[in-house]
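Trainee: Sharing data_2.txt below, compact mmCIF, C-alpha atoms:
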# COMPACT_ATOMS: atom_id res chain seq x y z
CA MET A 1494 -12.40 5.81 -2.13
CA VAL A 1495 -10.50 5.06 1.07
CA VAL A 1496 -7.50 2.85 0.32
CA LEU A 1497 -5.48 1.56 3.27
CA ILE A 1498 -1.94 0.24 2.87
CA GLY A 1499 -1.31 -1.69 6.05
CA ALA A 1500 0.22 -4.79 7.54
CA GLU A 1501 0.83 -6.40 10.88
CA LYS A 1502 4.60 -6.49 10.30
CA GLY A 1503 7.02 -3.64 9.67
CA GLY A 1504 9.57 -3.37 6.88
CA THR A 1505 7.30 -4.47 4.03
CA GLY A 1506 7.44 -1.17 2.14
CA LYS A 1507 3.99 0.21 2.95
CA THR A 1508 5.00 3.87 2.82
CA THR A 1509 6.83 3.45 -0.48
CA LEU A 1510 3.74 1.95 -2.06
CA ALA A 1511 1.38 4.52 -0.51
CA VAL A 1512 3.30 7.56 -1.77
CA ASN A 1513 3.82 6.12 -5.24
CA LEU A 1514 0.15 5.19 -5.59
CA ALA A 1515 -0.89 8.65 -4.36
CA ALA A 1516 1.30 10.31 -7.00
CA VAL A 1517 -0.07 8.13 -9.81
CA ARG A 1518 -3.65 8.67 -8.66
CA ALA A 1519 -3.13 12.44 -8.54
CA SER A 1520 -1.64 12.38 -12.05
CA GLU A 1521 -4.98 10.99 -13.23
CA GLY A 1522 -6.66 14.22 -12.10
CA ARG A 1523 -8.03 12.84 -8.84
CA ASP A 1524 -8.13 14.97 -5.69
CA VAL A 1525 -5.97 12.80 -3.42
CA LEU A 1526 -5.07 13.12 0.24
CA LEU A 1527 -2.20 11.14 1.75
CA VAL A 1528 -3.13 10.20 5.33
CA ASP A 1529 -0.18 9.27 7.53
CA THR A 1530 -1.16 7.25 10.61
CA ASP A 1531 2.38 6.02 11.27
CA LYS A 1532 4.08 8.02 14.03
CA GLN A 1533 7.40 7.74 12.20
CA GLY A 1534 5.88 10.20 9.71
CA SER A 1535 7.74 8.98 6.61
CA ALA A 1536 4.82 9.61 4.24
CA SER A 1537 4.41 13.15 5.57
CA ASP A 1538 8.15 13.75 5.19
CA TRP A 1539 7.98 12.63 1.55
CA ALA A 1540 5.06 14.97 0.87
CA ALA A 1541 6.95 17.88 2.47
CA VAL A 1542 10.07 17.24 0.38
CA ARG A 1543 7.93 16.96 -2.72
CA GLN A 1544 6.30 20.32 -2.10
CA ALA A 1545 9.54 22.10 -1.19
CA GLU A 1546 11.95 20.67 -3.74
CA THR A 1547 10.02 19.62 -6.86
CA SER A 1548 7.71 21.19 -9.39
CA HIS A 1549 5.51 18.11 -9.55
CA ARG A 1550 1.90 18.17 -8.46
CA ARG A 1551 1.57 18.65 -4.73
CA ILE A 1552 0.20 15.73 -2.72
CA PRO A 1553 -1.42 17.10 0.47
CA SER A 1554 -0.78 15.07 3.58
CA VAL A 1555 -2.14 14.97 7.12
CA GLN A 1556 -1.16 13.00 10.19
CA VAL A 1557 -3.87 11.33 12.26
CA PHE A 1558 -3.30 9.07 15.26
CA GLU A 1559 -5.03 6.74 17.67
CA LYS A 1560 -8.81 6.81 18.14
CA GLN A 1561 -9.24 9.95 16.03
CA VAL A 1562 -8.48 7.93 12.88
CA THR A 1563 -12.01 6.61 12.32
CA ALA A 1564 -13.80 9.95 12.69
CA GLN A 1565 -11.16 11.84 10.73
CA LEU A 1566 -11.21 9.40 7.80
CA GLU A 1567 -15.00 9.52 7.67
CA ASP A 1568 -14.86 13.32 7.53
CA LEU A 1569 -12.00 13.55 5.04
CA SER A 1570 -13.50 10.98 2.69
CA GLY A 1571 -16.27 13.46 1.94
CA ARG A 1572 -13.77 16.18 1.01
CA TYR A 1573 -11.45 14.29 -1.34
CA ASP A 1574 -11.89 11.88 -4.23
CA ASP A 1575 -9.47 9.40 -2.67
CA LEU A 1576 -7.67 8.88 0.62
CA LEU A 1577 -4.42 6.89 0.58
CA VAL A 1578 -3.82 5.79 4.16
CA ASP A 1579 -0.37 4.68 5.30
CA ALA A 1580 -0.61 2.61 8.49
CA GLY A 1581 2.33 1.57 10.64
CA GLY A 1582 3.70 -1.95 10.56
CA ARG A 1583 2.08 -3.42 13.63
CA ASP A 1584 -1.28 -4.34 15.13
CA SER A 1585 -2.07 -0.77 16.20
CA VAL A 1586 -5.05 1.35 17.15
CA GLU A 1587 -4.52 3.25 13.90
CA LEU A 1588 -4.57 0.13 11.71
CA ARG A 1589 -7.74 -1.20 13.33
CA ALA A 1590 -9.49 2.18 13.23
CA ALA A 1591 -8.65 2.71 9.56
CA MET A 1592 -10.05 -0.71 8.64
CA VAL A 1593 -13.44 0.34 10.01
CA VAL A 1594 -13.67 3.07 7.36
CA ALA A 1595 -11.59 1.77 4.43
CA ASP A 1596 -13.14 0.46 1.25
CA ARG A 1597 -10.09 -1.67 0.57
CA VAL A 1598 -7.00 -2.68 2.48
CA PHE A 1599 -3.87 -3.76 0.65
CA VAL A 1600 -1.30 -5.77 2.54
CA PRO A 1601 2.26 -5.70 1.21
CA LEU A 1602 3.85 -9.08 1.85
CA GLN A 1603 7.58 -9.52 1.68
CA ALA A 1604 8.09 -13.01 0.38
CA SER A 1605 9.91 -14.56 3.29
CA GLN A 1606 8.71 -17.12 5.80
CA PHE A 1607 8.67 -14.57 8.64
CA ASP A 1608 6.33 -12.31 6.72
CA VAL A 1609 4.12 -15.20 5.64
CA TRP A 1610 3.69 -16.15 9.29
CA THR A 1611 2.04 -12.76 9.94
CA LEU A 1612 -0.81 -13.53 7.54
CA GLU A 1613 -2.78 -15.49 10.13
CA ARG A 1614 -2.94 -12.45 12.39
CA MET A 1615 -3.79 -10.13 9.50
CA ASN A 1616 -6.55 -12.48 8.43
CA GLU A 1617 -8.03 -12.24 11.95
CA LEU A 1618 -7.85 -8.44 11.94
CA VAL A 1619 -9.65 -8.23 8.61
CA GLU A 1620 -12.34 -10.63 9.82
CA GLN A 1621 -12.94 -8.48 12.90
CA ALA A 1622 -13.05 -5.29 10.82
CA GLN A 1623 -15.50 -6.77 8.32
CA ALA A 1624 -17.96 -7.38 11.14
CA LEU A 1625 -18.18 -3.57 11.46
CA ASN A 1626 -17.37 -2.68 7.86
CA PRO A 1627 -18.88 -5.31 5.52
CA LYS A 1628 -17.69 -3.48 2.38
CA LEU A 1629 -14.02 -3.93 3.32
CA ARG A 1630 -12.06 -6.03 0.86
CA ALA A 1631 -8.53 -7.20 1.67
CA GLN A 1632 -5.88 -8.13 -0.86
CA VAL A 1633 -2.24 -9.12 -0.50
CA PHE A 1634 0.49 -8.05 -2.90
CA ILE A 1635 4.06 -9.24 -3.01
CA ASN A 1636 6.43 -6.34 -2.37
CA ARG A 1637 10.22 -6.13 -2.28
CA ALA A 1638 10.52 -9.45 -4.08
CA SER A 1639 13.97 -10.44 -5.23
CA PRO A 1640 14.55 -9.49 -8.89
CA HIS A 1641 16.74 -12.58 -9.29
CA PRO A 1642 14.99 -15.03 -11.66
CA GLN A 1643 16.02 -18.04 -9.58
CA VAL A 1644 14.19 -16.84 -6.47
CA HIS A 1645 10.66 -18.28 -6.22
CA GLU A 1646 9.58 -16.94 -2.82
CA ALA A 1647 6.83 -14.81 -4.34
CA ARG A 1648 5.18 -17.73 -6.08
CA GLU A 1649 5.35 -19.85 -2.93
CA ALA A 1650 3.82 -17.07 -0.83
CA THR A 1651 0.86 -16.67 -3.17
CA GLY A 1652 0.06 -20.37 -2.79
CA ILE A 1653 -0.04 -20.02 0.99
CA LEU A 1654 -2.76 -17.37 0.70
CA GLU A 1655 -5.25 -20.04 -0.29
CA ASP A 1656 -5.43 -20.97 3.41
CA PHE A 1657 -6.83 -17.57 4.49
CA GLU A 1658 -10.54 -16.91 4.05
CA HIS A 1659 -10.43 -13.11 4.36
CA LEU A 1660 -7.33 -12.43 2.25
CA GLU A 1661 -6.84 -12.81 -1.48
CA PHE A 1662 -3.88 -12.36 -3.79
CA GLY A 1663 -4.15 -9.11 -5.76
CA GLY A 1664 -2.07 -10.30 -8.71
CA ALA A 1665 0.76 -7.73 -8.75
CA VAL A 1666 4.37 -8.25 -7.72
CA VAL A 1667 6.72 -5.34 -6.96
CA HIS A 1668 10.45 -6.07 -6.79
CA ASP A 1669 13.12 -4.56 -4.59
CA ARG A 1670 14.65 -1.89 -6.84
CA ILE A 1671 16.95 1.03 -6.01
CA ALA A 1672 14.74 3.35 -8.09
CA PHE A 1673 12.20 3.38 -5.24
CA ARG A 1674 14.74 4.65 -2.72
CA ARG A 1675 16.24 7.22 -5.06
CA SER A 1676 12.87 8.63 -6.05
CA ALA A 1677 11.52 8.75 -2.49
CA SER A 1678 14.52 10.75 -1.26
CA LYS A 1679 13.63 13.45 -3.82
CA GLY A 1680 9.90 13.54 -3.07
CA LEU A 1681 9.13 11.78 -6.34
CA ALA A 1682 7.34 8.66 -7.48
CA VAL A 1683 9.12 6.14 -9.71
CA THR A 1684 6.77 7.23 -12.49
CA GLU A 1685 8.44 10.66 -12.44
CA GLY A 1686 11.89 12.06 -13.10
CA GLU A 1687 14.76 9.83 -14.15
CA SER A 1688 12.96 6.66 -12.99
CA ALA A 1689 10.08 7.15 -15.44
CA GLY A 1690 9.99 4.28 -17.89
CA SER A 1691 11.97 1.98 -15.59
CA LYS A 1692 10.99 -1.50 -14.42
CA ALA A 1693 9.94 0.06 -11.11
CA ASP A 1694 7.63 2.41 -13.03
CA ASP A 1695 6.08 -0.55 -14.87
CA GLU A 1696 5.48 -2.42 -11.62
CA ILE A 1697 3.85 0.53 -9.86
CA GLN A 1698 1.61 1.04 -12.89
CA ASP A 1699 0.64 -2.64 -12.71
CA LEU A 1700 -0.09 -2.33 -9.00
CA TYR A 1701 -2.10 0.84 -9.62
CA ARG A 1702 -4.25 -0.93 -12.22
CA ALA A 1703 -4.76 -3.91 -9.92
CA ILE A 1704 -6.05 -1.57 -7.19
CA PHE A 1705 -7.96 1.11 -9.09
CA GLU A 1706 -8.76 -0.68 -12.35
CA PRO A 1707 -9.19 -4.29 -11.22
CA THR A 1708 -10.63 -5.44 -14.56
CA SER A 1709 -7.39 -4.47 -16.34
CA PRO A 1710 -4.68 -7.13 -16.79
CA THR A 1711 -1.32 -6.64 -15.08
CA HIS A 1712 2.10 -7.44 -16.45
CA ALA A 1713 3.62 -8.57 -13.17
CA GLU A 1714 3.89 -12.23 -12.37
CA ALA A 1715 5.56 -14.03 -9.52
CA PRO A 1716 9.13 -15.01 -10.52
Let's see the structure in the file written out as structure tokens.

Mentor:
Amino acid sequence: MVVLIGAEKGGTGKTTLAVNLAAVRASEGRDVLLVDTDKQGSASDWAAVRQAETSHRRIPSVQVFEKQVTAQLEDLSGRYDDLLVDAGGRDSVELRAAMVVADRVFVPLQASQFDVWTLERMNELVEQAQALNPKLRAQVFINRASPHPQVHEAREATGILEDFEHLEFGGAVVHDRIAFRRSASKGLAVTEGESAGSKADDEIQDLYRAIFEPTSPTHAEAP
């Protein structure tokens, strides 16, 4: 399965979600490859730290850029059970090329008006990709939501999605928690180490089920 984590806007936490999902998927016994198409290389850096400084299961990672993305993903998808593709936060050659191959694209949406405004462009990109890749399914998840119970941005953002034909709400909400930053700096997922059992762990598990086990209920709800 080729799973793309991508968005038209930067700063929505795509890499954080991609590496955490890759770690959970690998823990299920799947042969997972983390594909980094972002020239900043953050996902590859995480994988390198993980291999060098932890005893946890290695997550192999490769970097692929520009027009090579489509051919490389097609080739690699036959060698691994799952590809987790981290695309940069912009309308890039890499994002478009990955959509042509991906089975599913997941769009992290930070619940602010500026991020919501990017949905129209993302909806257009998905529509164009589906003309070449009819199997592509696109879902939006709320990421980096405020944990404060009085903040309702996430709920408001999900209502706006009703206006976009090629995007749907995936059902999971991930909040902005320090556990994600602490774990990432150590090459870990929030399901591992001292963050295991935390609220961040619960939310990644909910997101994982929404993506890989879509018939399973999730615990996360918009605040």

Trainee: Any idea what's packed within 8 Å of range 1609-1620 of chain A, counting all atoms listed in the file, ignoring anything in its chain fewer than 6 positions away? Could you give it as a PDB file with C-alpha atoms, in the coordinates of the input?

Mentor:
ATOM      1  CA  ALA A1500       0.220  -4.790   7.540  1.00  0.00           C
ATOM      2  CA  GLU A1501       0.830  -6.400  10.880  1.00  0.00           C
ATOM      3  CA  LYS A1502       4.600  -6.490  10.300  1.00  0.00           C
ATOM      4  CA  ARG A1589      -7.740  -1.200  13.330  1.00  0.00           C
ATOM      5  CA  MET A1592     -10.050  -0.710   8.640  1.00  0.00           C
ATOM      6  CA  LEU A1602       3.850  -9.080   1.850  1.00  0.00           C
ATOM      7  CA  GLN A1603       7.580  -9.520   1.680  1.00  0.00           C
ATOM      8  CA  ALA A1631      -8.530  -7.200   1.670  1.00  0.00           C
ATOM      9  CA  ALA A1650       3.820 -17.070  -0.830  1.00  0.00           C
ATOM     10  CA  ILE A1653      -0.040 -20.020   0.990  1.00  0.00           C
ATOM     11  CA  PHE A1657      -6.830 -17.570   4.490  1.00  0.00           C
ATOM     12  CA  GLU A1658     -10.540 -16.910   4.050  1.00  0.00           C
ATOM     13  CA  HIS A1659     -10.430 -13.110   4.360  1.00  0.00           C
ATOM     14  CA  LEU A1660      -7.330 -12.430   2.250  1.00  0.00           C
TER      15      LEU A1660
END

Trainee: Which residue out of A:Lys1679, A:Arg1518, A:Arg1550, A:Leu1497 has the minimum interatomic distance to Leu1629 in chain A when only C-alpha atoms are used?

Mentor: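 Answer, going by the shortest atom-to-atom distance: A:Leu1497.
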
Trainee: Quick one: residues within 7 Å of range 1574-1583 of chain A, only C-alpha atoms, excluding same-chain residues fewer than 5 positions away - as a list of chain:residue names?

Mentor: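 Here the qualifying residues turn out to be A:Met1494, A:Val1495, A:Val1496, A:Leu1497, A:Ile1498, A:Gly1499, A:Ala1500, A:Glu1501, A:Lys1502, A:Gly1503, A:Lys1507, A:Thr1508, A:Ala1511, A:Ala1515, A:Arg1523, A:Asp1524, A:Val1525, A:Leu1526, A:Leu1527, A:Val1528, A:Asp1529, A:Thr1530, A:Asp1531, A:Leu1588.
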
Trainee: If I take CA of Val1562 in chain A and CA of Glu1587 in chain A, how far is one from the other in Å, to one decimal?

Mentor: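 One can read the CA of Val1562 in chain A to CA of Glu1587 in chain A distance as 6.2 Å.
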
Trainee: Could you give me, as a PyMOL selection string, the residues within 12 Å of Thr1684 in chain A, counting all atoms listed in the file and dropping anything in the same chain fewer than 5 positions from it?

Mentor: chain A and resi 1512-1520+1549+1672-1673+1676-1677+1689-1699+1701

Trainee: Keeping only C-alpha atoms, write the selected residues as a short mmCIF file (atom, residue, chain, number, x, y, z; two decimals), in the coordinates of the input.

Mentor:
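Produced file again_36.cif, reproduced below:
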data_model
loop_
_atom_site.label_atom_id
_atom_site.label_comp_id
_atom_site.auth_asym_id
_atom_site.auth_seq_id
_atom_site.Cartn_x
_atom_site.Cartn_y
_atom_site.Cartn_z
CA VAL A 1512 3.30 7.56 -1.77
CA ASN A 1513 3.82 6.12 -5.24
CA LEU A 1514 0.15 5.19 -5.59
CA ALA A 1515 -0.89 8.65 -4.36
CA ALA A 1516 1.30 10.31 -7.00
CA VAL A 1517 -0.07 8.13 -9.81
CA ARG A 1518 -3.65 8.67 -8.66
CA ALA A 1519 -3.13 12.44 -8.54
CA SER A 1520 -1.64 12.38 -12.05
CA HIS A 1549 5.51 18.11 -9.55
CA ALA A 1672 14.74 3.35 -8.09
CA PHE A 1673 12.20 3.38 -5.24
CA SER A 1676 12.87 8.63 -6.05
CA ALA A 1677 11.52 8.75 -2.49
CA ALA A 1689 10.08 7.15 -15.44
CA GLY A 1690 9.99 4.28 -17.89
CA SER A 1691 11.97 1.98 -15.59
CA LYS A 1692 10.99 -1.50 -14.42
CA ALA A 1693 9.94 0.06 -11.11
CA ASP A 1694 7.63 2.41 -13.03
CA ASP A 1695 6.08 -0.55 -14.87
CA GLU A 1696 5.48 -2.42 -11.62
CA ILE A 1697 3.85 0.53 -9.86
CA GLN A 1698 1.61 1.04 -12.89
CA ASP A 1699 0.64 -2.64 -12.71
CA TYR A 1701 -2.10 0.84 -9.62
#

Trainee: If we count only C-alpha atoms, what is near Lys1628 in chain A at a cut-off of 10 Å, once residues fewer than 2 positions away on the same chain are taken out, given as a CSV table (one decimal) with C-alpha atoms, in the frame of the given file?

Mentor:
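Result file result-v2.csv:
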chain,number,residue,atom,x,y,z
A,1593,VAL,CA,-13.4,0.3,10.0
A,1594,VAL,CA,-13.7,3.1,7.4
A,1595,ALA,CA,-11.6,1.8,4.4
A,1596,ASP,CA,-13.1,0.5,1.2
A,1597,ARG,CA,-10.1,-1.7,0.6
A,1622,ALA,CA,-13.0,-5.3,10.8
A,1623,GLN,CA,-15.5,-6.8,8.3
A,1624,ALA,CA,-18.0,-7.4,11.1
A,1625,LEU,CA,-18.2,-3.6,11.5
A,1626,ASN,CA,-17.4,-2.7,7.9
A,1630,ARG,CA,-12.1,-6.0,0.9
A,1631,ALA,CA,-8.5,-7.2,1.7

Trainee: In terms of the shortest atom-to-atom distance over all atoms listed in the file, which of A:Lys1560, A:Arg1637, A:Arg1543, A:Arg1702 is closest to Thr1509 in chain A?

Mentor: A:Arg1637

Trainee: As an exercise, work out the distance from CA of Ser1605 in chain A to CA of Thr1651 in chain A in Å and give it to one decimal place.

Mentor: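 These two atoms are separated by 11.3 Å.
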
Trainee: Please compute the CA of Gly1504 in chain A-CA of Ala1682 in chain A distance, one decimal, in Å.

Mentor: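 We find that CA of Gly1504 in chain A and CA of Ala1682 in chain A lie 18.9 Å from each other.
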
Trainee: Which residue is closest to Val1586 in chain A? Choose from A:Gln1561, A:Gln1606, A:Pro1707, A:Phe1599 and count all atoms listed in the file.

Mentor: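 Ranking A:Gln1561, A:Gln1606, A:Pro1707, A:Phe1599 by distance to Val1586 in chain A, first place goes to A:Gln1561.
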